[in-house]
file query.cif (mmCIF, N, CA and C atoms)
data_model
loop_
_atom_site.label_atom_id
_atom_site.label_comp_id
_atom_site.auth_asym_id
_atom_site.auth_seq_id
_atom_site.Cartn_x
_atom_site.Cartn_y
_atom_site.Cartn_z
N MET G 1 5.14 -3.29 -4.96
CA MET G 1 5.25 -2.05 -5.70
C MET G 1 5.77 -2.40 -7.10
N LYS G 2 5.22 -1.76 -8.10
CA LYS G 2 5.63 -2.08 -9.46
C LYS G 2 6.90 -1.36 -9.89
N TYR G 3 7.36 -0.40 -9.11
CA TYR G 3 8.58 0.32 -9.44
C TYR G 3 9.73 -0.21 -8.60
N PRO G 4 10.94 -0.23 -9.16
CA PRO G 4 12.08 -0.75 -8.40
C PRO G 4 12.44 0.19 -7.24
N VAL G 5 12.82 -0.43 -6.14
CA VAL G 5 13.19 0.29 -4.92
C VAL G 5 14.69 0.14 -4.72
N THR G 6 15.34 1.23 -4.35
CA THR G 6 16.79 1.19 -4.11
C THR G 6 17.12 0.17 -3.03
N PRO G 7 18.31 -0.38 -3.08
CA PRO G 7 18.68 -1.41 -2.09
C PRO G 7 18.51 -0.98 -0.64
N ASP G 8 18.66 0.32 -0.36
CA ASP G 8 18.51 0.80 1.01
C ASP G 8 17.07 1.15 1.37
N GLY G 9 16.16 1.03 0.40
CA GLY G 9 14.74 1.26 0.66
C GLY G 9 14.34 2.72 0.79
N ARG G 10 15.21 3.63 0.40
CA ARG G 10 14.91 5.06 0.55
C ARG G 10 14.13 5.65 -0.61
N TYR G 11 14.31 5.09 -1.80
CA TYR G 11 13.69 5.66 -3.00
C TYR G 11 13.12 4.55 -3.88
N PHE G 12 12.18 4.92 -4.72
CA PHE G 12 11.78 4.07 -5.84
C PHE G 12 12.07 4.87 -7.10
N ALA G 13 12.24 4.18 -8.21
CA ALA G 13 12.64 4.83 -9.45
C ALA G 13 11.51 4.73 -10.49
N VAL G 14 11.23 5.86 -11.12
CA VAL G 14 10.26 5.93 -12.20
C VAL G 14 10.94 6.63 -13.37
N ARG G 15 11.07 5.91 -14.49
CA ARG G 15 11.73 6.46 -15.68
C ARG G 15 13.07 7.11 -15.34
N GLY G 16 13.82 6.46 -14.46
CA GLY G 16 15.15 6.92 -14.12
C GLY G 16 15.24 7.96 -13.02
N ARG G 17 14.11 8.43 -12.54
CA ARG G 17 14.10 9.46 -11.50
C ARG G 17 13.79 8.83 -10.14
N LEU G 18 14.50 9.29 -9.11
CA LEU G 18 14.30 8.78 -7.75
C LEU G 18 13.20 9.56 -7.03
N TRP G 19 12.35 8.83 -6.33
CA TRP G 19 11.28 9.43 -5.53
C TRP G 19 11.36 8.83 -4.14
N ARG G 20 11.32 9.69 -3.13
CA ARG G 20 11.49 9.23 -1.75
C ARG G 20 10.32 8.35 -1.31
N MET G 21 10.66 7.28 -0.63
CA MET G 21 9.67 6.35 -0.08
C MET G 21 9.08 6.93 1.21
N THR G 22 7.95 6.40 1.58
CA THR G 22 7.33 6.73 2.86
C THR G 22 8.23 6.23 3.99
N ASP G 23 8.28 6.97 5.06
CA ASP G 23 9.06 6.60 6.25
C ASP G 23 8.55 5.26 6.78
N PRO G 24 9.40 4.23 6.79
CA PRO G 24 8.95 2.92 7.27
C PRO G 24 8.63 2.88 8.76
N ALA G 25 9.03 3.90 9.52
CA ALA G 25 8.75 3.93 10.95
C ALA G 25 7.32 4.39 11.26
N ILE G 26 6.62 4.91 10.26
CA ILE G 26 5.23 5.35 10.49
C ILE G 26 4.35 4.12 10.63
N ASN G 27 3.54 4.10 11.69
CA ASN G 27 2.69 2.93 11.90
C ASN G 27 1.59 2.87 10.83
N GLU G 28 1.05 1.70 10.63
CA GLU G 28 0.09 1.45 9.55
C GLU G 28 -1.13 2.36 9.63
N GLU G 29 -1.63 2.60 10.82
CA GLU G 29 -2.82 3.44 10.98
C GLU G 29 -2.54 4.88 10.53
N GLU G 30 -1.41 5.43 10.94
CA GLU G 30 -1.04 6.79 10.55
C GLU G 30 -0.76 6.87 9.06
N ARG G 31 -0.06 5.87 8.53
CA ARG G 31 0.24 5.85 7.10
C ARG G 31 -1.05 5.82 6.28
N SER G 32 -1.98 5.01 6.70
CA SER G 32 -3.27 4.91 6.00
C SER G 32 -4.02 6.24 6.04
N LYS G 33 -4.04 6.87 7.20
CA LYS G 33 -4.72 8.17 7.35
C LYS G 33 -4.09 9.22 6.45
N LEU G 34 -2.77 9.29 6.47
CA LEU G 34 -2.07 10.29 5.66
C LEU G 34 -2.21 10.01 4.16
N THR G 35 -2.22 8.73 3.79
CA THR G 35 -2.40 8.37 2.38
C THR G 35 -3.79 8.78 1.90
N LYS G 36 -4.79 8.58 2.73
CA LYS G 36 -6.15 9.02 2.36
C LYS G 36 -6.22 10.54 2.21
N GLN G 37 -5.53 11.24 3.11
CA GLN G 37 -5.49 12.71 3.00
C GLN G 37 -4.79 13.13 1.71
N LEU G 38 -3.70 12.44 1.37
CA LEU G 38 -2.96 12.74 0.15
C LEU G 38 -3.83 12.53 -1.08
N MET G 39 -4.54 11.42 -1.13
CA MET G 39 -5.39 11.14 -2.29
C MET G 39 -6.52 12.17 -2.40
N ALA G 40 -7.10 12.54 -1.28
CA ALA G 40 -8.16 13.56 -1.29
C ALA G 40 -7.61 14.90 -1.77
N ALA G 41 -6.40 15.24 -1.33
CA ALA G 41 -5.79 16.50 -1.74
C ALA G 41 -5.47 16.49 -3.23
N ARG G 42 -5.03 15.35 -3.74
CA ARG G 42 -4.74 15.26 -5.18
C ARG G 42 -6.03 15.39 -6.00
N ARG G 43 -7.11 14.81 -5.51
CA ARG G 43 -8.40 14.98 -6.19
C ARG G 43 -8.83 16.45 -6.15
N ALA G 44 -8.56 17.11 -5.03
CA ALA G 44 -8.91 18.53 -4.90
C ALA G 44 -8.10 19.38 -5.88
N VAL G 45 -6.85 19.02 -6.11
CA VAL G 45 -6.04 19.72 -7.11
C VAL G 45 -6.69 19.56 -8.48
N ARG G 46 -7.02 18.31 -8.82
CA ARG G 46 -7.66 18.04 -10.12
C ARG G 46 -8.94 18.84 -10.29
N ASP G 47 -9.78 18.82 -9.26
CA ASP G 47 -11.07 19.51 -9.34
C ASP G 47 -10.88 21.03 -9.45
N ALA G 48 -9.94 21.56 -8.69
CA ALA G 48 -9.69 23.01 -8.74
C ALA G 48 -9.18 23.43 -10.11
N LYS G 49 -8.33 22.60 -10.71
CA LYS G 49 -7.84 22.90 -12.05
C LYS G 49 -8.99 22.88 -13.05
N ALA G 50 -9.87 21.91 -12.91
CA ALA G 50 -11.01 21.81 -13.83
C ALA G 50 -11.93 23.03 -13.71
N GLU G 51 -12.01 23.56 -12.51
CA GLU G 51 -12.85 24.73 -12.26
C GLU G 51 -12.10 26.05 -12.48
N ALA G 52 -10.81 25.95 -12.78
CA ALA G 52 -9.95 27.11 -12.94
C ALA G 52 -10.01 28.03 -11.72
N ASP G 53 -9.99 27.37 -10.54
CA ASP G 53 -10.05 28.10 -9.26
C ASP G 53 -8.65 28.12 -8.66
N ALA G 54 -7.94 29.20 -8.91
CA ALA G 54 -6.54 29.30 -8.48
C ALA G 54 -6.38 29.23 -6.97
N ASP G 55 -7.29 29.84 -6.22
CA ASP G 55 -7.20 29.81 -4.76
C ASP G 55 -7.40 28.39 -4.23
N ALA G 56 -8.39 27.70 -4.76
CA ALA G 56 -8.65 26.32 -4.33
C ALA G 56 -7.49 25.41 -4.74
N GLU G 57 -6.93 25.67 -5.90
CA GLU G 57 -5.80 24.85 -6.35
C GLU G 57 -4.59 25.05 -5.43
N ALA G 58 -4.32 26.30 -5.07
CA ALA G 58 -3.19 26.58 -4.17
C ALA G 58 -3.41 25.90 -2.82
N ALA G 59 -4.62 25.95 -2.31
CA ALA G 59 -4.93 25.30 -1.03
C ALA G 59 -4.77 23.78 -1.15
N ALA G 60 -5.19 23.24 -2.27
CA ALA G 60 -5.07 21.79 -2.47
C ALA G 60 -3.60 21.38 -2.57
N HIS G 61 -2.78 22.17 -3.25
CA HIS G 61 -1.35 21.87 -3.33
C HIS G 61 -0.71 21.92 -1.95
N ARG G 62 -1.14 22.85 -1.11
CA ARG G 62 -0.62 22.91 0.27
C ARG G 62 -1.03 21.65 1.04
N ALA G 63 -2.24 21.15 0.80
CA ALA G 63 -2.69 19.93 1.47
C ALA G 63 -1.89 18.73 1.00
N VAL G 64 -1.56 18.67 -0.28
CA VAL G 64 -0.71 17.60 -0.80
C VAL G 64 0.64 17.66 -0.09
N ASP G 65 1.22 18.84 0.00
CA ASP G 65 2.52 19.00 0.64
C ASP G 65 2.48 18.56 2.10
N ARG G 66 1.44 18.94 2.83
CA ARG G 66 1.32 18.54 4.25
C ARG G 66 1.28 17.01 4.38
N ALA G 67 0.49 16.38 3.54
CA ALA G 67 0.38 14.91 3.61
C ALA G 67 1.72 14.26 3.27
N LYS G 68 2.38 14.73 2.22
CA LYS G 68 3.66 14.14 1.82
C LYS G 68 4.73 14.36 2.89
N ARG G 69 4.70 15.50 3.55
CA ARG G 69 5.64 15.74 4.65
C ARG G 69 5.33 14.81 5.81
N GLY G 70 4.05 14.61 6.09
CA GLY G 70 3.66 13.69 7.16
C GLY G 70 4.11 12.27 6.89
N LEU G 71 4.09 11.89 5.62
CA LEU G 71 4.51 10.55 5.22
C LEU G 71 6.04 10.41 5.16
N GLY G 72 6.74 11.52 5.24
CA GLY G 72 8.19 11.49 5.16
C GLY G 72 8.72 11.55 3.74
N GLU G 73 7.84 11.81 2.77
CA GLU G 73 8.24 11.85 1.36
C GLU G 73 8.81 13.20 0.96
N ARG G 74 8.63 14.19 1.80
CA ARG G 74 9.20 15.53 1.61
C ARG G 74 9.68 16.03 2.97
N GLY G 75 10.41 17.13 2.94
CA GLY G 75 10.89 17.71 4.20
C GLY G 75 12.14 17.00 4.68
N LEU G 76 12.30 16.99 5.98
CA LEU G 76 13.47 16.34 6.57
C LEU G 76 13.48 14.86 6.25
N VAL G 77 14.67 14.33 5.98
CA VAL G 77 14.78 12.90 5.67
C VAL G 77 14.51 12.07 6.92
N TRP G 78 14.05 10.86 6.71
CA TRP G 78 13.72 9.99 7.84
C TRP G 78 14.88 9.08 8.23
N TRP G 79 15.94 9.02 7.44
CA TRP G 79 17.09 8.20 7.81
C TRP G 79 18.05 9.05 8.64
N LYS G 80 18.89 8.39 9.40
CA LYS G 80 19.71 9.08 10.40
C LYS G 80 21.21 9.04 10.13
N ASP G 81 21.61 8.55 8.96
CA ASP G 81 23.04 8.39 8.72
C ASP G 81 23.71 9.60 8.03
N GLY G 82 22.96 10.68 7.84
CA GLY G 82 23.52 11.88 7.26
C GLY G 82 23.58 11.89 5.74
N ALA G 83 23.09 10.84 5.09
CA ALA G 83 23.10 10.80 3.62
C ALA G 83 22.18 11.90 3.08
N PRO G 84 22.57 12.50 1.96
CA PRO G 84 21.77 13.59 1.39
C PRO G 84 20.44 13.10 0.83
N ASP G 85 19.53 14.03 0.67
CA ASP G 85 18.25 13.73 0.05
C ASP G 85 18.41 13.84 -1.46
N LEU G 86 18.15 12.76 -2.15
CA LEU G 86 18.28 12.72 -3.61
C LEU G 86 16.91 12.64 -4.28
N ASN G 87 15.88 13.02 -3.56
CA ASN G 87 14.52 13.00 -4.12
C ASN G 87 14.48 13.81 -5.40
N ARG G 88 13.88 13.24 -6.42
CA ARG G 88 13.68 13.84 -7.75
C ARG G 88 14.95 13.92 -8.59
N HIS G 89 16.05 13.39 -8.12
CA HIS G 89 17.28 13.35 -8.91
C HIS G 89 17.20 12.19 -9.89
N MET G 90 17.89 12.34 -11.00
CA MET G 90 18.02 11.22 -11.94
C MET G 90 19.00 10.22 -11.32
N ALA G 91 18.61 8.96 -11.30
CA ALA G 91 19.42 7.92 -10.67
C ALA G 91 20.84 7.89 -11.24
N LYS G 92 20.97 8.12 -12.54
CA LYS G 92 22.29 8.05 -13.19
C LYS G 92 23.26 9.11 -12.67
N ASN G 93 22.74 10.13 -11.99
CA ASN G 93 23.59 11.20 -11.46
C ASN G 93 23.76 11.12 -9.95
N THR G 94 23.53 9.95 -9.40
CA THR G 94 23.58 9.76 -7.94
C THR G 94 24.44 8.56 -7.60
N PRO G 95 24.66 8.32 -6.31
CA PRO G 95 25.37 7.10 -5.91
C PRO G 95 24.61 5.82 -6.30
N TYR G 96 23.37 5.93 -6.73
CA TYR G 96 22.58 4.77 -7.16
C TYR G 96 22.76 4.46 -8.65
N ALA G 97 23.65 5.16 -9.33
CA ALA G 97 23.82 5.00 -10.78
C ALA G 97 24.13 3.56 -11.18
N GLU G 98 25.06 2.95 -10.49
CA GLU G 98 25.44 1.57 -10.84
C GLU G 98 24.27 0.63 -10.62
N TRP G 99 23.58 0.76 -9.50
CA TRP G 99 22.39 -0.06 -9.23
C TRP G 99 21.37 0.10 -10.34
N TYR G 100 21.10 1.35 -10.74
CA TYR G 100 20.08 1.58 -11.75
C TYR G 100 20.52 1.06 -13.12
N ALA G 101 21.78 1.20 -13.44
CA ALA G 101 22.29 0.69 -14.71
C ALA G 101 22.15 -0.83 -14.77
N ARG G 102 22.49 -1.52 -13.68
CA ARG G 102 22.33 -2.98 -13.63
C ARG G 102 20.86 -3.36 -13.78
N LEU G 103 20.02 -2.63 -13.11
CA LEU G 103 18.59 -2.88 -13.16
C LEU G 103 18.08 -2.70 -14.59
N SER G 104 18.48 -1.64 -15.24
CA SER G 104 18.06 -1.36 -16.62
C SER G 104 18.53 -2.44 -17.57
N ARG G 105 19.77 -2.92 -17.38
CA ARG G 105 20.29 -3.99 -18.23
C ARG G 105 19.52 -5.28 -18.03
N SER G 106 19.12 -5.56 -16.79
CA SER G 106 18.43 -6.83 -16.51
C SER G 106 16.99 -6.83 -17.02
N ARG G 107 16.44 -5.67 -17.32
CA ARG G 107 15.05 -5.58 -17.79
C ARG G 107 14.94 -5.73 -19.31
N ARG G 108 16.05 -5.79 -20.00
CA ARG G 108 16.02 -5.88 -21.46
C ARG G 108 15.71 -7.26 -21.92
#
call {"tool": "encode", "arguments": {"input": "query.cif", "output": "structure tokens"}}
result
Amino acid sequence: MKYPVTPDGRYFAVRGRLWRMTDPAINEEERSKLTKQLMAARRAVRDAKAEADADAEAAAHRAVDRAKRGLGERGLVWWKDGAPDLNRHMAKNTPYAEWYARLSRSRR
């Protein structure tokens, strides 16, 4: 992956923002199926926007959400230690701040 992953493997960081990783407990076959569904749903969003079809776009966004929930990237967290979900938070405002600051310094 080209983006840095938190030491615990729960998130990857893009421009300082944390994004939840796919649940590592999902088997490869299921992950592949859900990823294909996600990509198809994202294409459907793009196509619906191009056609200015609000109903199709809403349906496509729901399909994206279903796939992301299936992958563990949204919805209930896949870890069991009670840690909060920090998806979409800025790393500097989370317990990962020090990790991200060190990472940023090492990339200069």
call {"tool": "residues_near_point", "arguments": {"input": "query.cif", "point": "(12.9, 0.3, 1.8)", "cutoff": "12 Å", "atoms": "only C-alpha atoms", "output": "PyMOL selection string"}}
result
chain G and resi 1+4-12+19-25+78-79
call {"tool": "atom_distance", "arguments": {"input": "query.cif", "atom1": "atom CA of G:Lys33", "atom2": "atom N of G:His61"}}
result
17.7 Å
call {"tool": "resolve_selection", "arguments": {"input": "query.cif", "expression": "the PyMOL selection byres (((chain G and resi 39 and name CA) around 12) and name CA)", "output": "MDAnalysis selection string"}}
result
chainID G and resid 32:38 40:46 60:61 63:68
call {"tool": "atom_distance", "arguments": {"input": "query.cif", "atom1": "atom CA of G:Leu103", "atom2": "atom CA of G:Gly82"}}
result
25.7 Å
call {"tool": "atom_distance", "arguments": {"input": "query.cif", "atom1": "atom CA of G:Asp53", "atom2": "atom CA of G:Gly72"}}
result
28.6 Å
call {"tool": "select_by_dssp", "arguments": {"input": "query.cif", "residues": "stretch 10-68 of chain G", "states": "helix (DSSP H, G or I)", "output": "PyMOL selection string"}}
result
chain G and resi 28-51+54-68
call {"tool": "resolve_selection", "arguments": {"input": "query.cif", "expression": "the PyMOL selection byres (((chain G and resi 15 and name CA) around 12) and name CA)", "output": "PyMOL selection string"}}
result
chain G and resi 3-4+12-14+16-19+88-92+100+103-104
call {"tool": "select_by_dssp", "arguments": {"input": "query.cif", "residues": "chain G", "states": "strand (DSSP E or B)", "output": "list in words"}}
result
Val5, Tyr11, Phe12, Ala13, Val14, Arg17, Leu18, Trp19, Arg20 and Met90 of chain G
call {"tool": "closest_residue", "arguments": {"input": "query.cif", "among": "G:Leu71, G:Ala58, G:Leu86, G:Ala48", "to": "G:Glu28", "atoms": "only C-alpha atoms"}}
result
G:Leu71
call {"tool": "closest_residue", "arguments": {"input": "query.cif", "among": "G:Ala50, G:Asn27, G:Glu73, G:Trp99", "to": "G:Asn87", "atoms": "only C-alpha atoms"}}
result
G:Glu73
call {"tool": "decode", "arguments": {"input": "query.cif", "residues": "stretch 20-34 of chain G", "atoms": "all heavy atoms", "output": "compact mmCIF listing (two decimals), in the first residue's frame"}}
result
# COMPACT_ATOMS: atom_id res chain seq x y z
N ARG G 20 -10.25 3.86 7.83
CA ARG G 20 -10.26 2.50 8.38
C ARG G 20 -9.87 1.47 7.33
O ARG G 20 -10.33 1.50 6.20
CB ARG G 20 -11.64 2.16 8.94
CG ARG G 20 -11.57 0.98 9.89
CD ARG G 20 -12.86 0.43 10.39
NE ARG G 20 -13.85 1.37 10.84
CZ ARG G 20 -15.11 1.01 11.07
NH1 ARG G 20 -15.50 -0.23 10.89
NH2 ARG G 20 -15.98 1.90 11.48
N MET G 21 -9.04 0.54 7.75
CA MET G 21 -8.60 -0.56 6.90
C MET G 21 -9.69 -1.63 6.83
O MET G 21 -10.57 -1.70 7.68
CB MET G 21 -7.33 -1.22 7.48
CG MET G 21 -6.13 -0.31 7.57
SD MET G 21 -5.32 -0.04 6.00
CE MET G 21 -4.61 -1.64 5.72
N THR G 22 -9.59 -2.46 5.82
CA THR G 22 -10.46 -3.61 5.69
C THR G 22 -10.18 -4.58 6.84
O THR G 22 -9.04 -4.73 7.27
CB THR G 22 -10.19 -4.31 4.34
OG1 THR G 22 -10.53 -3.41 3.29
CG2 THR G 22 -10.99 -5.59 4.19
N ASP G 23 -11.21 -5.23 7.32
CA ASP G 23 -11.09 -6.22 8.39
C ASP G 23 -10.16 -7.34 7.94
O ASP G 23 -10.44 -8.03 6.95
CB ASP G 23 -12.48 -6.77 8.71
CG ASP G 23 -12.50 -7.78 9.83
OD1 ASP G 23 -11.43 -8.25 10.27
OD2 ASP G 23 -13.62 -8.11 10.27
N PRO G 24 -9.04 -7.54 8.63
CA PRO G 24 -8.10 -8.58 8.21
C PRO G 24 -8.64 -10.00 8.39
O PRO G 24 -8.08 -10.95 7.84
CB PRO G 24 -6.88 -8.34 9.10
CG PRO G 24 -7.41 -7.61 10.28
CD PRO G 24 -8.58 -6.80 9.80
N ALA G 25 -9.74 -10.17 9.12
CA ALA G 25 -10.31 -11.50 9.33
C ALA G 25 -11.15 -11.96 8.14
O ALA G 25 -11.52 -13.13 8.06
CB ALA G 25 -11.16 -11.52 10.60
N ILE G 26 -11.45 -11.06 7.21
CA ILE G 26 -12.24 -11.44 6.02
C ILE G 26 -11.36 -12.28 5.11
O ILE G 26 -10.24 -11.87 4.78
CB ILE G 26 -12.76 -10.20 5.28
CG1 ILE G 26 -13.71 -9.41 6.16
CG2 ILE G 26 -13.44 -10.59 3.97
CD1 ILE G 26 -14.16 -8.09 5.58
N ASN G 27 -11.87 -13.43 4.69
CA ASN G 27 -11.06 -14.29 3.82
C ASN G 27 -10.90 -13.65 2.44
O ASN G 27 -11.67 -12.77 2.04
CB ASN G 27 -11.64 -15.71 3.74
CG ASN G 27 -12.95 -15.78 3.00
OD1 ASN G 27 -13.08 -15.31 1.86
ND2 ASN G 27 -13.95 -16.38 3.62
N GLU G 28 -9.88 -14.07 1.74
CA GLU G 28 -9.50 -13.45 0.46
C GLU G 28 -10.63 -13.49 -0.56
O GLU G 28 -10.85 -12.52 -1.28
CB GLU G 28 -8.26 -14.15 -0.10
CG GLU G 28 -7.76 -13.58 -1.41
CD GLU G 28 -7.39 -12.10 -1.34
OE1 GLU G 28 -6.97 -11.63 -0.27
OE2 GLU G 28 -7.53 -11.41 -2.37
N GLU G 29 -11.36 -14.58 -0.62
CA GLU G 29 -12.45 -14.70 -1.59
C GLU G 29 -13.55 -13.67 -1.32
O GLU G 29 -14.02 -12.99 -2.24
CB GLU G 29 -13.03 -16.12 -1.54
CG GLU G 29 -14.11 -16.36 -2.57
CD GLU G 29 -14.65 -17.79 -2.50
OE1 GLU G 29 -13.90 -18.70 -2.11
OE2 GLU G 29 -15.83 -17.97 -2.84
N GLU G 30 -13.94 -13.53 -0.06
CA GLU G 30 -14.97 -12.56 0.31
C GLU G 30 -14.48 -11.13 0.10
O GLU G 30 -15.20 -10.28 -0.40
CB GLU G 30 -15.39 -12.77 1.77
CG GLU G 30 -16.50 -11.85 2.24
CD GLU G 30 -17.85 -12.13 1.62
OE1 GLU G 30 -18.02 -13.11 0.89
OE2 GLU G 30 -18.77 -11.32 1.86
N ARG G 31 -13.23 -10.87 0.48
CA ARG G 31 -12.66 -9.54 0.29
C ARG G 31 -12.65 -9.16 -1.18
O ARG G 31 -13.04 -8.06 -1.56
CB ARG G 31 -11.24 -9.46 0.86
CG ARG G 31 -10.68 -8.03 0.86
CD ARG G 31 -9.17 -8.01 1.01
NE ARG G 31 -8.48 -8.71 -0.05
CZ ARG G 31 -8.33 -8.25 -1.29
NH1 ARG G 31 -8.81 -7.09 -1.64
NH2 ARG G 31 -7.68 -8.96 -2.19
N SER G 32 -12.25 -10.09 -2.02
CA SER G 32 -12.21 -9.84 -3.46
C SER G 32 -13.61 -9.55 -4.01
O SER G 32 -13.80 -8.61 -4.79
CB SER G 32 -11.59 -11.04 -4.18
OG SER G 32 -11.56 -10.82 -5.56
N LYS G 33 -14.59 -10.34 -3.58
CA LYS G 33 -15.97 -10.14 -4.04
C LYS G 33 -16.49 -8.77 -3.62
O LYS G 33 -17.06 -8.03 -4.42
CB LYS G 33 -16.86 -11.25 -3.47
CG LYS G 33 -18.33 -11.14 -3.87
CD LYS G 33 -19.18 -12.17 -3.15
CE LYS G 33 -19.59 -11.54 -1.85
NZ LYS G 33 -20.61 -12.22 -1.09
N LEU G 34 -16.27 -8.42 -2.36
CA LEU G 34 -16.75 -7.13 -1.85
C LEU G 34 -16.02 -5.96 -2.50
O LEU G 34 -16.62 -4.92 -2.77
CB LEU G 34 -16.61 -7.08 -0.33
CG LEU G 34 -17.59 -7.95 0.43
CD1 LEU G 34 -17.15 -8.12 1.88
CD2 LEU G 34 -19.00 -7.37 0.35
